[in-house]
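Listing of target-v1.json, JSON, C-alpha atoms
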```
[["chain", "number", "residue", "atom", "x", "y", "z"],
["A", 1, "MET", "CA", -12.96, -1.05, -25.01],
["A", 2, "HIS", "CA", -13.93, -4.13, -23.04],
["A", 3, "PRO", "CA", -14.68, -3.72, -19.34],
["A", 4, "GLU", "CA", -11.90, -6.16, -18.47],
["A", 5, "GLN", "CA", -9.43, -3.99, -20.36],
["A", 6, "ALA", "CA", -10.77, -0.90, -18.61],
["A", 7, "GLU", "CA", -10.20, -2.61, -15.27],
["A", 8, "ASP", "CA", -6.63, -3.44, -16.31],
["A", 9, "GLN", "CA", -6.02, 0.20, -17.23],
["A", 10, "VAL", "CA", -7.43, 1.39, -13.90],
["A", 11, "ALA", "CA", -5.22, -1.11, -12.05],
["A", 12, "LEU", "CA", -2.18, 0.13, -13.96],
["A", 13, "ILE", "CA", -2.98, 3.77, -13.17],
["A", 14, "ARG", "CA", -3.46, 2.95, -9.49],
["A", 15, "SER", "CA", -0.26, 0.95, -9.22],
["A", 16, "VAL", "CA", 1.87, 3.57, -11.01],
["A", 17, "MET", "CA", 0.42, 6.43, -8.95],
["A", 18, "GLU", "CA", 1.01, 4.52, -5.71],
["A", 19, "ARG", "CA", 4.58, 3.69, -6.73],
["A", 20, "THR", "CA", 5.25, 7.31, -7.67],
["A", 21, "THR", "CA", 4.08, 8.64, -4.32],
["A", 22, "ARG", "CA", 5.52, 5.87, -2.12],
["A", 23, "PHE", "CA", 8.88, 6.56, -0.48],
["A", 24, "THR", "CA", 11.19, 3.54, -0.78],
["A", 25, "GLY", "CA", 14.46, 5.38, -0.28],
["A", 26, "LEU", "CA", 15.16, 4.25, 3.29],
["A", 27, "PRO", "CA", 17.53, 1.25, 3.11],
["A", 28, "GLY", "CA", 17.04, -1.58, 5.61],
["A", 29, "ALA", "CA", 20.80, -1.69, 6.15],
["A", 30, "ALA", "CA", 20.73, 1.91, 7.43],
["A", 31, "CYS", "CA", 18.12, 0.93, 10.04],
["A", 32, "LEU", "CA", 20.22, -2.06, 11.11],
["A", 33, "VAL", "CA", 23.29, 0.17, 11.49],
["A", 34, "ALA", "CA", 21.23, 2.74, 13.45],
["A", 35, "GLY", "CA", 20.02, -0.03, 15.76],
["A", 36, "GLY", "CA", 23.56, -1.36, 16.20],
["A", 37, "LEU", "CA", 24.86, 2.12, 17.03],
["A", 38, "ALA", "CA", 22.11, 2.56, 19.64],
["A", 39, "PHE", "CA", 22.99, -0.78, 21.26],
["A", 40, "ALA", "CA", 26.66, 0.25, 21.32],
["A", 41, "ALA", "CA", 25.83, 3.67, 22.79],
["A", 42, "ALA", "CA", 23.62, 2.13, 25.48],
["A", 43, "GLY", "CA", 26.44, -0.29, 26.34],
["A", 44, "ALA", "CA", 29.03, 2.48, 26.42],
["A", 45, "SER", "CA", 26.82, 4.64, 28.63],
["A", 46, "TRP", "CA", 26.22, 1.78, 31.02],
["A", 47, "ALA", "CA", 29.92, 0.84, 31.14],
["A", 48, "THR", "CA", 31.06, 4.41, 31.86],
["A", 49, "GLY", "CA", 28.38, 5.18, 34.41],
["A", 50, "ALA", "CA", 26.69, 7.73, 32.18],
["A", 51, "THR", "CA", 23.06, 7.28, 33.12],
["A", 52, "PHE", "CA", 19.87, 9.32, 33.04],
["A", 53, "GLY", "CA", 19.70, 9.28, 36.84],
["A", 54, "PRO", "CA", 20.38, 12.36, 39.04],
["A", 55, "ASP", "CA", 24.14, 11.62, 39.36],
["A", 56, "GLY", "CA", 24.62, 10.13, 35.94],
["A", 57, "ARG", "CA", 27.58, 12.03, 34.38],
["A", 58, "HIS", "CA", 25.23, 13.92, 32.13],
["A", 59, "ALA", "CA", 27.91, 15.65, 30.05],
["A", 60, "LEU", "CA", 29.34, 12.28, 29.05],
["A", 61, "LEU", "CA", 25.82, 10.95, 28.45],
["A", 62, "ALA", "CA", 25.04, 13.89, 26.16],
["A", 63, "ALA", "CA", 28.31, 13.34, 24.27],
["A", 64, "ILE", "CA", 27.67, 9.61, 23.77],
["A", 65, "TRP", "CA", 24.08, 9.97, 22.59],
["A", 66, "GLY", "CA", 24.72, 13.18, 20.66],
["A", 67, "ILE", "CA", 27.56, 11.58, 18.68],
["A", 68, "THR", "CA", 25.45, 8.44, 18.17],
["A", 69, "ALA", "CA", 22.52, 10.48, 16.80],
["A", 70, "GLY", "CA", 24.84, 12.43, 14.50],
["A", 71, "VAL", "CA", 26.68, 9.39, 13.14],
["A", 72, "SER", "CA", 23.38, 7.57, 12.75],
["A", 73, "ALA", "CA", 21.84, 10.42, 10.74],
["A", 74, "VAL", "CA", 24.91, 10.71, 8.51],
["A", 75, "GLN", "CA", 25.01, 6.99, 7.74],
["A", 76, "VAL", "CA", 21.29, 7.01, 6.88],
["A", 77, "VAL", "CA", 21.91, 9.82, 4.39],
["A", 78, "VAL", "CA", 25.02, 8.14, 2.90],
["A", 79, "LEU", "CA", 23.41, 4.69, 2.59],
["A", 80, "SER", "CA", 20.25, 6.24, 1.11],
["A", 81, "ILE", "CA", 22.31, 8.04, -1.55],
["A", 82, "LEU", "CA", 24.23, 4.83, -2.34],
["A", 83, "ALA", "CA", 21.00, 2.83, -2.60],
["A", 84, "ALA", "CA", 19.49, 5.45, -4.92],
["A", 85, "ARG", "CA", 22.61, 5.33, -7.13],
["A", 86, "ARG", "CA", 22.34, 1.54, -7.34],
["A", 87, "ARG", "CA", 18.72, 1.94, -8.50],
["A", 88, "GLY", "CA", 19.80, 4.60, -10.97],
["A", 89, "SER", "CA", 17.47, 7.20, -9.48],
["A", 90, "PRO", "CA", 18.22, 10.48, -7.71],
["A", 91, "ALA", "CA", 18.14, 10.48, -3.91],
["A", 92, "TRP", "CA", 17.03, 14.07, -3.36],
["A", 93, "THR", "CA", 13.64, 14.01, -5.07],
["A", 94, "ALA", "CA", 10.51, 16.06, -4.45],
["A", 95, "LEU", "CA", 9.12, 13.06, -2.56],
["A", 96, "ALA", "CA", 12.28, 12.81, -0.41],
["A", 97, "ARG", "CA", 11.94, 16.52, 0.41],
["A", 98, "ARG", "CA", 8.32, 15.99, 1.53],
["A", 99, "VAL", "CA", 9.40, 13.03, 3.67],
["A", 100, "VAL", "CA", 12.08, 15.11, 5.40],
["A", 101, "VAL", "CA", 9.59, 17.92, 6.05],
["A", 102, "ALA", "CA", 7.07, 15.41, 7.45],
["A", 103, "THR", "CA", 9.61, 14.12, 9.97],
["A", 104, "LEU", "CA", 10.81, 17.54, 11.16],
["A", 105, "PRO", "CA", 7.96, 18.48, 13.56],
["A", 106, "GLY", "CA", 8.54, 15.37, 15.67],
["A", 107, "LEU", "CA", 12.27, 16.02, 15.79],
["A", 108, "TYR", "CA", 11.70, 19.66, 16.71],
["A", 109, "VAL", "CA", 9.39, 18.66, 19.58],
["A", 110, "GLY", "CA", 12.07, 16.23, 20.74],
["A", 111, "ALA", "CA", 14.70, 18.96, 20.76],
["A", 112, "ALA", "CA", 12.45, 21.40, 22.63],
["A", 113, "LEU", "CA", 11.48, 18.81, 25.25],
["A", 114, "THR", "CA", 15.14, 17.83, 25.66],
["A", 115, "GLU", "CA", 16.09, 21.37, 26.54],
["A", 116, "PHE", "CA", 13.09, 21.68, 28.87],
["A", 117, "ALA", "CA", 13.96, 18.42, 30.68],
["A", 118, "ARG", "CA", 17.61, 19.44, 30.94],
["A", 119, "ARG", "CA", 16.80, 22.84, 32.45],
["A", 120, "SER", "CA", 14.31, 21.37, 34.91],
["A", 121, "GLY", "CA", 16.64, 18.54, 35.93],
["A", 122, "ARG", "CA", 14.36, 15.80, 34.57],
["A", 123, "HIS", "CA", 17.02, 13.82, 32.74],
["A", 124, "ASP", "CA", 15.26, 10.63, 33.79],
["A", 125, "ALA", "CA", 12.33, 11.50, 31.50],
["A", 126, "LEU", "CA", 14.52, 12.02, 28.43],
["A", 127, "PRO", "CA", 14.49, 8.46, 26.98],
["A", 128, "ALA", "CA", 10.68, 8.32, 27.14],
["A", 129, "LEU", "CA", 10.35, 11.82, 25.64],
["A", 130, "TRP", "CA", 12.80, 10.93, 22.86],
["A", 131, "CYS", "CA", 10.80, 7.78, 22.09],
["A", 132, "LEU", "CA", 7.58, 9.80, 21.87],
["A", 133, "ALA", "CA", 9.08, 12.51, 19.66],
["A", 134, "TYR", "CA", 10.89, 10.05, 17.42],
["A", 135, "GLY", "CA", 7.76, 7.89, 17.15],
["A", 136, "ALA", "CA", 5.80, 10.91, 15.98],
["A", 137, "SER", "CA", 8.56, 11.66, 13.48],
["A", 138, "LEU", "CA", 8.46, 8.09, 12.13],
["A", 139, "LEU", "CA", 4.70, 8.35, 11.68],
["A", 140, "GLY", "CA", 5.41, 11.38, 9.49],
["A", 141, "LEU", "CA", 7.72, 9.17, 7.42],
["A", 142, "GLY", "CA", 5.01, 6.50, 7.41],
["A", 143, "LEU", "CA", 2.65, 8.83, 5.54],
["A", 144, "TYR", "CA", 4.85, 8.19, 2.51],
["A", 145, "ALA", "CA", 6.77, 5.01, 3.36],
["A", 146, "GLY", "CA", 3.88, 2.79, 4.42],
["A", 147, "TRP", "CA", 3.13, 0.33, 7.19],
["A", 148, "LYS", "CA", 6.66, -0.64, 8.22],
["A", 149, "ALA", "CA", 7.56, 2.90, 9.26],
["A", 150, "ASN", "CA", 4.10, 3.28, 10.83],
["A", 151, "LEU", "CA", 4.61, 0.12, 12.88],
["A", 152, "ALA", "CA", 8.01, 1.34, 14.07],
["A", 153, "GLY", "CA", 6.47, 4.73, 14.92],
["A", 154, "ILE", "CA", 3.67, 3.13, 16.93],
["A", 155, "LEU", "CA", 6.15, 0.90, 18.80],
["A", 156, "PHE", "CA", 8.23, 3.99, 19.72],
["A", 157, "LEU", "CA", 5.09, 5.79, 20.91],
["A", 158, "ALA", "CA", 4.05, 2.75, 22.97],
["A", 159, "ALA", "CA", 7.52, 2.36, 24.50],
["A", 160, "GLY", "CA", 7.70, 6.08, 25.31],
["A", 161, "THR", "CA", 4.24, 6.17, 26.85],
["A", 162, "LEU", "CA", 4.78, 3.06, 28.97],
["A", 163, "ALA", "CA", 8.18, 4.31, 30.16],
["A", 164, "LEU", "CA", 6.85, 7.78, 30.94],
["A", 165, "PHE", "CA", 4.29, 6.27, 33.32],
["A", 166, "GLY", "CA", 6.70, 3.77, 34.84],
["A", 167, "VAL", "CA", 5.36, 0.60, 33.24],
["A", 168, "LEU", "CA", 8.60, 0.07, 31.29],
["A", 169, "PRO", "CA", 12.06, 0.83, 32.69],
["A", 170, "GLY", "CA", 13.61, 4.05, 31.38],
["A", 171, "GLY", "CA", 17.25, 5.04, 31.03],
["A", 172, "ASN", "CA", 19.78, 3.29, 28.85],
["A", 173, "LEU", "CA", 17.76, 0.06, 28.89],
["A", 174, "LEU", "CA", 14.83, 1.82, 27.22],
["A", 175, "MET", "CA", 17.24, 3.42, 24.73],
["A", 176, "ALA", "CA", 18.60, -0.03, 23.84],
["A", 177, "ILE", "CA", 15.14, -1.58, 23.55],
["A", 178, "SER", "CA", 13.67, 1.24, 21.48],
["A", 179, "PHE", "CA", 16.39, 2.94, 19.42],
["A", 180, "GLY", "CA", 18.30, -0.35, 19.23],
["A", 181, "GLY", "CA", 15.61, -3.01, 18.98],
["A", 182, "ILE", "CA", 12.93, -1.18, 16.99],
["A", 183, "HIS", "CA", 15.47, 0.06, 14.43],
["A", 184, "VAL", "CA", 16.78, -3.49, 13.98],
["A", 185, "LEU", "CA", 13.19, -4.74, 13.58],
["A", 186, "LEU", "CA", 12.48, -2.03, 11.00],
["A", 187, "GLY", "CA", 15.67, -2.93, 9.13],
["A", 188, "ILE", "CA", 14.72, -6.60, 9.03],
["A", 189, "LEU", "CA", 11.22, -5.75, 7.82],
["A", 190, "ILE", "CA", 12.55, -3.52, 5.03],
["A", 191, "LEU", "CA", 15.19, -6.04, 3.95],
["A", 192, "GLY", "CA", 12.64, -8.86, 4.14],
["A", 193, "GLY", "CA", 10.33, -6.99, 1.79],
["A", 194, "GLY", "CA", 13.05, -6.48, -0.82],
["A", 195, "SER", "CA", 14.34, -3.12, -1.86],
["A", 196, "HIS", "CA", 11.15, -2.47, -3.78],
["A", 197, "GLU", "CA", 7.88, -4.16, -4.35],
["A", 198, "ALA", "CA", 7.75, -6.11, -7.58],
["A", 199, "GLN", "CA", 7.14, -3.70, -10.38],
["A", 200, "ASP", "CA", 4.57, -4.36, -13.05],
["A", 201, "ARG", "CA", 6.42, -3.77, -16.25],
["A", 202, "VAL", "CA", 4.37, -2.13, -18.91],
["A", 203, "ASP", "CA", 6.70, -2.55, -21.83],
["B", 1, "MET", "CA", -21.63, -7.77, -25.56],
["B", 2, "LYS", "CA", -21.71, -4.69, -27.73],
["B", 3, "LEU", "CA", -23.44, -2.74, -24.99],
["B", 4, "LYS", "CA", -20.58, -3.52, -22.64],
["B", 5, "THR", "CA", -17.87, -2.05, -24.81],
["B", 6, "ALA", "CA", -16.96, 1.51, -25.61],
["B", 7, "SER", "CA", -16.13, 2.65, -29.09],
["B", 8, "ILE", "CA", -12.38, 2.46, -29.50],
["B", 9, "GLU", "CA", -12.55, 5.57, -31.71],
["B", 10, "SER", "CA", -13.79, 7.63, -28.78],
["B", 11, "LEU", "CA", -10.69, 6.82, -26.73],
["B", 12, "ASP", "CA", -7.57, 8.95, -26.69],
["B", 13, "ARG", "CA", -5.19, 6.63, -28.54],
["B", 14, "ILE", "CA", -2.15, 8.51, -27.29],
["B", 15, "ILE", "CA", -2.95, 7.85, -23.64],
["B", 16, "HIS", "CA", -4.61, 4.47, -24.15],
["B", 17, "GLU", "CA", -1.29, 2.74, -24.88],
["B", 18, "ARG", "CA", -0.12, 1.24, -21.57],
["B", 19, "ALA", "CA", 3.44, 2.59, -21.51],
["B", 20, "ARG", "CA", 2.21, 6.13, -22.18],
["B", 21, "LEU", "CA", -0.66, 5.70, -19.74],
["B", 22, "ALA", "CA", 1.86, 4.75, -17.04],
["B", 23, "ILE", "CA", 3.93, 7.87, -17.78],
["B", 24, "VAL", "CA", 0.89, 10.14, -17.72],
["B", 25, "ALA", "CA", -0.39, 8.53, -14.49],
["B", 26, "ALA", "CA", 3.00, 9.05, -12.81],
["B", 27, "LEU", "CA", 3.10, 12.69, -13.90],
["B", 28, "ALA", "CA", -0.47, 13.18, -12.70],
["B", 29, "ALA", "CA", 0.66, 12.00, -9.25],
["B", 30, "GLU", "CA", 3.81, 14.17, -9.12],
["B", 31, "LYS", "CA", 4.04, 17.65, -10.61],
["B", 32, "GLU", "CA", 7.49, 17.01, -12.09],
["B", 33, "LEU", "CA", 9.60, 13.87, -12.38],
["B", 34, "SER", "CA", 13.10, 13.27, -13.62],
["B", 35, "PHE", "CA", 13.79, 10.67, -16.30],
["B", 36, "ALA", "CA", 15.24, 8.33, -13.65],
["B", 37, "GLU", "CA", 12.23, 8.74, -11.36],
["B", 38, "LEU", "CA", 9.89, 8.05, -14.27],
["B", 39, "ARG", "CA", 11.86, 4.90, -15.09],
["B", 40, "VAL", "CA", 11.43, 3.66, -11.51],
["B", 41, "SER", "CA", 7.74, 4.61, -11.38],
["B", 42, "THR", "CA", 6.77, 3.06, -14.70],
["B", 43, "GLY", "CA", 9.22, 0.17, -14.92],
["B", 44, "LEU", "CA", 9.94, 1.10, -18.54],
["B", 45, "THR", "CA", 13.33, 0.60, -20.13],
["B", 46, "ASP", "CA", 15.38, 3.71, -20.97],
["B", 47, "GLY", "CA", 14.78, 3.30, -24.70],
["B", 48, "ASN", "CA", 11.06, 2.78, -24.46],
["B", 49, "LEU", "CA", 10.68, 5.63, -21.96],
["B", 50, "SER", "CA", 12.52, 8.01, -24.31],
["B", 51, "VAL", "CA", 10.35, 7.03, -27.27],
["B", 52, "GLN", "CA", 7.08, 7.30, -25.36],
["B", 53, "LEU", "CA", 8.04, 10.62, -23.79],
["B", 54, "ARG", "CA", 8.83, 11.99, -27.21],
["B", 55, "THR", "CA", 5.42, 10.83, -28.49],
["B", 56, "LEU", "CA", 3.71, 12.51, -25.54],
["B", 57, "GLU", "CA", 5.73, 15.68, -26.10],
["B", 58, "VAL", "CA", 4.80, 15.81, -29.80],
["B", 59, "ALA", "CA", 1.14, 15.34, -28.82],
["B", 60, "GLY", "CA", 1.48, 18.32, -26.47],
["B", 61, "TYR", "CA", 0.69, 16.27, -23.37],
["B", 62, "VAL", "CA", 4.11, 16.45, -21.74],
["B", 63, "SER", "CA", 6.76, 19.14, -21.58],
["B", 64, "LEU", "CA", 10.38, 18.12, -21.23],
["B", 65, "ALA", "CA", 13.12, 20.28, -19.77],
["B", 66, "LYS", "CA", 16.86, 19.69, -19.64],
["B", 67, "SER", "CA", 19.05, 21.13, -16.94],
["B", 68, "GLU", "CA", 22.71, 20.80, -16.07],
["B", 69, "ALA", "CA", 23.28, 18.51, -13.10],
["B", 70, "GLY", "CA", 26.33, 20.10, -11.46],
["B", 71, "GLY", "CA", 28.69, 19.88, -14.42],
["B", 72, "ARG", "CA", 27.88, 16.24, -15.03],
["B", 73, "LYS", "CA", 25.50, 15.01, -17.70],
["B", 74, "SER", "CA", 22.25, 16.90, -18.11],
["B", 75, "ARG", "CA", 19.11, 15.97, -16.24],
["B", 76, "THR", "CA", 15.82, 15.60, -18.12],
["B", 77, "SER", "CA", 12.60, 16.27, -16.26],
["B", 78, "ALA", "CA", 9.03, 15.94, -17.44],
["B", 79, "ARG", "CA", 5.72, 17.42, -16.44],
["B", 80, "LEU", "CA", 2.16, 17.21, -17.73],
["B", 81, "THR", "CA", 0.94, 20.16, -19.73],
["B", 82, "THR", "CA", -2.53, 21.55, -19.20],
["B", 83, "SER", "CA", -3.81, 19.68, -22.23],
["B", 84, "GLY", "CA", -2.10, 16.49, -20.99],
["B", 85, "ARG", "CA", -3.85, 16.77, -17.65],
["B", 86, "ARG", "CA", -7.15, 17.47, -19.40],
["B", 87, "ALA", "CA", -6.66, 14.45, -21.66],
["B", 88, "PHE", "CA", -5.88, 12.23, -18.67],
["B", 89, "THR", "CA", -9.02, 13.42, -16.88],
["B", 90, "ALA", "CA", -11.09, 12.73, -20.00],
["B", 91, "TYR", "CA", -9.54, 9.28, -20.32],
["B", 92, "LEU", "CA", -10.42, 8.51, -16.68],
["B", 93, "ALA", "CA", -14.00, 9.61, -17.42],
["B", 94, "ASP", "CA", -14.06, 7.20, -20.39],
["B", 95, "LEU", "CA", -12.86, 4.34, -18.18],
["B", 96, "ASP", "CA", -15.46, 5.27, -15.60],
["B", 97, "ARG", "CA", -18.19, 5.22, -18.26],
["B", 98, "VAL", "CA", -17.14, 1.78, -19.51],
["B", 99, "LEU", "CA", -16.99, 0.32, -16.03],
["B", 100, "GLY", "CA", -20.21, 2.04, -14.95],
["B", 101, "ARG", "CA", -22.10, 0.60, -17.90],
["B", 102, "TRP", "CA", -20.68, -2.84, -17.18],
["B", 103, "ARG", "CA", -21.73, -2.82, -13.53],
["B", 104, "LYS", "CA", -25.32, -1.77, -14.28]]
```
With the file now loaded, output its structure as structure tokens.
Amino acid sequence: MHPEQAEDQVALIRSVMERTTRFTGLPGAACLVAGGLAFAAAGASWATGATFGPDGRHALLAAIWGITAGVSAVQVVVLSILAARRRGSPAWTALARRVVVATLPGLYVGAALTEFARRSGRHDALPALWCLAYGASLLGLGLYAGWKANLAGILFLAAGTLALFGVLPGGNLLMAISFGGIHVLLGILILGGGSHEAQDRVD
Amino acid sequence: MKLKTASIESLDRIIHERARLAIVAALAAEKELSFAELRVSTGLTDGNLSVQLRTLEVAGYVSLAKSEAGGRKSRTSARLTTSGRRAFTAYLADLDRVLGRWRK
């Protein structure tokens, strides 16, 4: 075997192994919808006086953002399944299971901190805490999905940190900037990169 | 240039073919893959993937299993056998030898 051929074989092995272990099942459209839902929820909260302040109609606020999170999660699952069907591949793969597991610790921390903030009356800290927890969760996704999810995760962490220490405004504005804006940015990045990287055909 | 080439006879001809190498590499990265996942990972057509999987199965490098997918058509999944994994490791060592000799 010639060295050039050996290099070609090594390149093929590397590219196939990377493709096999890279998660590409998150559709850009799902991120755009998630961002749009967050913008709508922030607008609805603002319009109805449901804020994260001390007198902010917290039950209504919880309903608005709880429903938004639920609908957002469901549409991500549905659009991911539809995208997988279009590709002719299963959606619930071993890789998808690992991705879900990798995102769970961040979401769990977010849930625990939410309950803590609620009990101690620190609703004002919730948007920043959610950004931090969700950012950590996205970095878990980024282990398998690559730099776009990592960038979104880092932006959430930065937004959460800056808001927690008062550099950025909190409340519904932070929710719109982060859960709205960063999701839209992630959606654009995913759609801009195509549904998949160009595949080297071997046949 | 003879010094820079490895004897083609010493190579595992089953794995050396690029379509089969892609399949084996994918299965080395993931313990088990469905037919559809393999198609996405390797970029092979359905027909070629079937043929190459069959060749690898006959060689004892891959085991195939069929399972019912909720009443719909059956789902085929593949995994490397122990001898398939050993052959892949040996093939990587061959590549390493060729490239090592070249770089010296």
message: Using only C-alpha atoms and a cutoff of 9 Å, can you tell me which residues are near (3.8, 17.8, -21.2) in the file's coordinates, and write them out as a list in words?
response: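 Checking each residue against the 9 Å limit leaves Val24, Leu27, Leu53, Leu56, Glu57, Val58, Ala59, Gly60, Tyr61, Val62, Ser63, Leu64, Ala78, Arg79, Leu80, Thr81, Thr82, Ser83, Gly84 and Arg85 of chain B.
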field: Neighbours of chain B in chain A at 12 Å, counting only C-alpha atoms, as a PyMOL selection string
entry: chain A and resi 1-25+84-96+98+196-203
message: Rounded to one decimal, what separation in Å do you get between CA of Val101 in chain A and CA of Leu37 in chain A?
response: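 These two atoms are separated by 24.6 Å.
The space separating CA of Gly166 in chain A from CA of Ala133 in chain A comes to 17.7 Å.
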query: Interatomic distance between CA of Leu129 in chain A and CA of Thr161 in chain A?
result: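 Between these atoms lies a distance of 8.4 Å.
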task: Counting all atoms listed in the file, figure out which residue out of A:Gly180, A:Gly193, A:Gly35, A:Gly135 gets nearest to Ala158 in chain A.
output: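 The answer is A:Gly135, which sits nearest to Ala158 in chain A.
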Where atoms are absent from range 180-192 of chain A, fill them in so it carries N, CA and C atoms, then output it as a PDB file, in the coordinates of the input.
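Okay, out.pdb is ready:
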```pdb
ATOM      1  N   GLY A 180      17.569   0.818  19.726  1.00  0.00           N
ATOM      2  CA  GLY A 180      18.300  -0.350  19.230  1.00  0.00           C
ATOM      3  C   GLY A 180      17.347  -1.355  18.593  1.00  0.00           C
ATOM      4  N   GLY A 181      16.459  -1.890  19.413  1.00  0.00           N
ATOM      5  CA  GLY A 181      15.610  -3.010  18.980  1.00  0.00           C
ATOM      6  C   GLY A 181      14.626  -2.652  17.873  1.00  0.00           C
ATOM      7  N   ILE A 182      13.956  -1.516  17.998  1.00  0.00           N
ATOM      8  CA  ILE A 182      12.930  -1.180  16.990  1.00  0.00           C
ATOM      9  C   ILE A 182      13.585  -0.856  15.648  1.00  0.00           C
ATOM     10  N   HIS A 183      14.760  -0.219  15.699  1.00  0.00           N
ATOM     11  CA  HIS A 183      15.470   0.060  14.430  1.00  0.00           C
ATOM     12  C   HIS A 183      15.894  -1.243  13.756  1.00  0.00           C
ATOM     13  N   VAL A 184      16.376  -2.194  14.552  1.00  0.00           N
ATOM     14  CA  VAL A 184      16.780  -3.490  13.980  1.00  0.00           C
ATOM     15  C   VAL A 184      15.550  -4.172  13.374  1.00  0.00           C
ATOM     16  N   LEU A 185      14.432  -4.133  14.106  1.00  0.00           N
ATOM     17  CA  LEU A 185      13.190  -4.740  13.580  1.00  0.00           C
ATOM     18  C   LEU A 185      12.784  -4.076  12.268  1.00  0.00           C
ATOM     19  N   LEU A 186      12.843  -2.744  12.230  1.00  0.00           N
ATOM     20  CA  LEU A 186      12.480  -2.030  11.000  1.00  0.00           C
ATOM     21  C   LEU A 186      13.412  -2.416   9.845  1.00  0.00           C
ATOM     22  N   GLY A 187      14.704  -2.526  10.156  1.00  0.00           N
ATOM     23  CA  GLY A 187      15.670  -2.930   9.130  1.00  0.00           C
ATOM     24  C   GLY A 187      15.369  -4.305   8.579  1.00  0.00           C
ATOM     25  N   ILE A 188      15.044  -5.231   9.470  1.00  0.00           N
ATOM     26  CA  ILE A 188      14.720  -6.600   9.030  1.00  0.00           C
ATOM     27  C   ILE A 188      13.459  -6.589   8.170  1.00  0.00           C
ATOM     28  N   LEU A 189      12.464  -5.812   8.594  1.00  0.00           N
ATOM     29  CA  LEU A 189      11.220  -5.750   7.820  1.00  0.00           C
ATOM     30  C   LEU A 189      11.462  -5.189   6.422  1.00  0.00           C
ATOM     31  N   ILE A 190      12.276  -4.129   6.340  1.00  0.00           N
ATOM     32  CA  ILE A 190      12.550  -3.520   5.030  1.00  0.00           C
ATOM     33  C   ILE A 190      13.349  -4.489   4.158  1.00  0.00           C
ATOM     34  N   LEU A 191      14.378  -5.105   4.735  1.00  0.00           N
ATOM     35  CA  LEU A 191      15.190  -6.040   3.950  1.00  0.00           C
ATOM     36  C   LEU A 191      14.375  -7.263   3.552  1.00  0.00           C
ATOM     37  N   GLY A 192      13.484  -7.692   4.431  1.00  0.00           N
ATOM     38  CA  GLY A 192      12.640  -8.860   4.140  1.00  0.00           C
ATOM     39  C   GLY A 192      11.669  -8.599   3.008  1.00  0.00           C
TER      40      GLY A 192
END
```
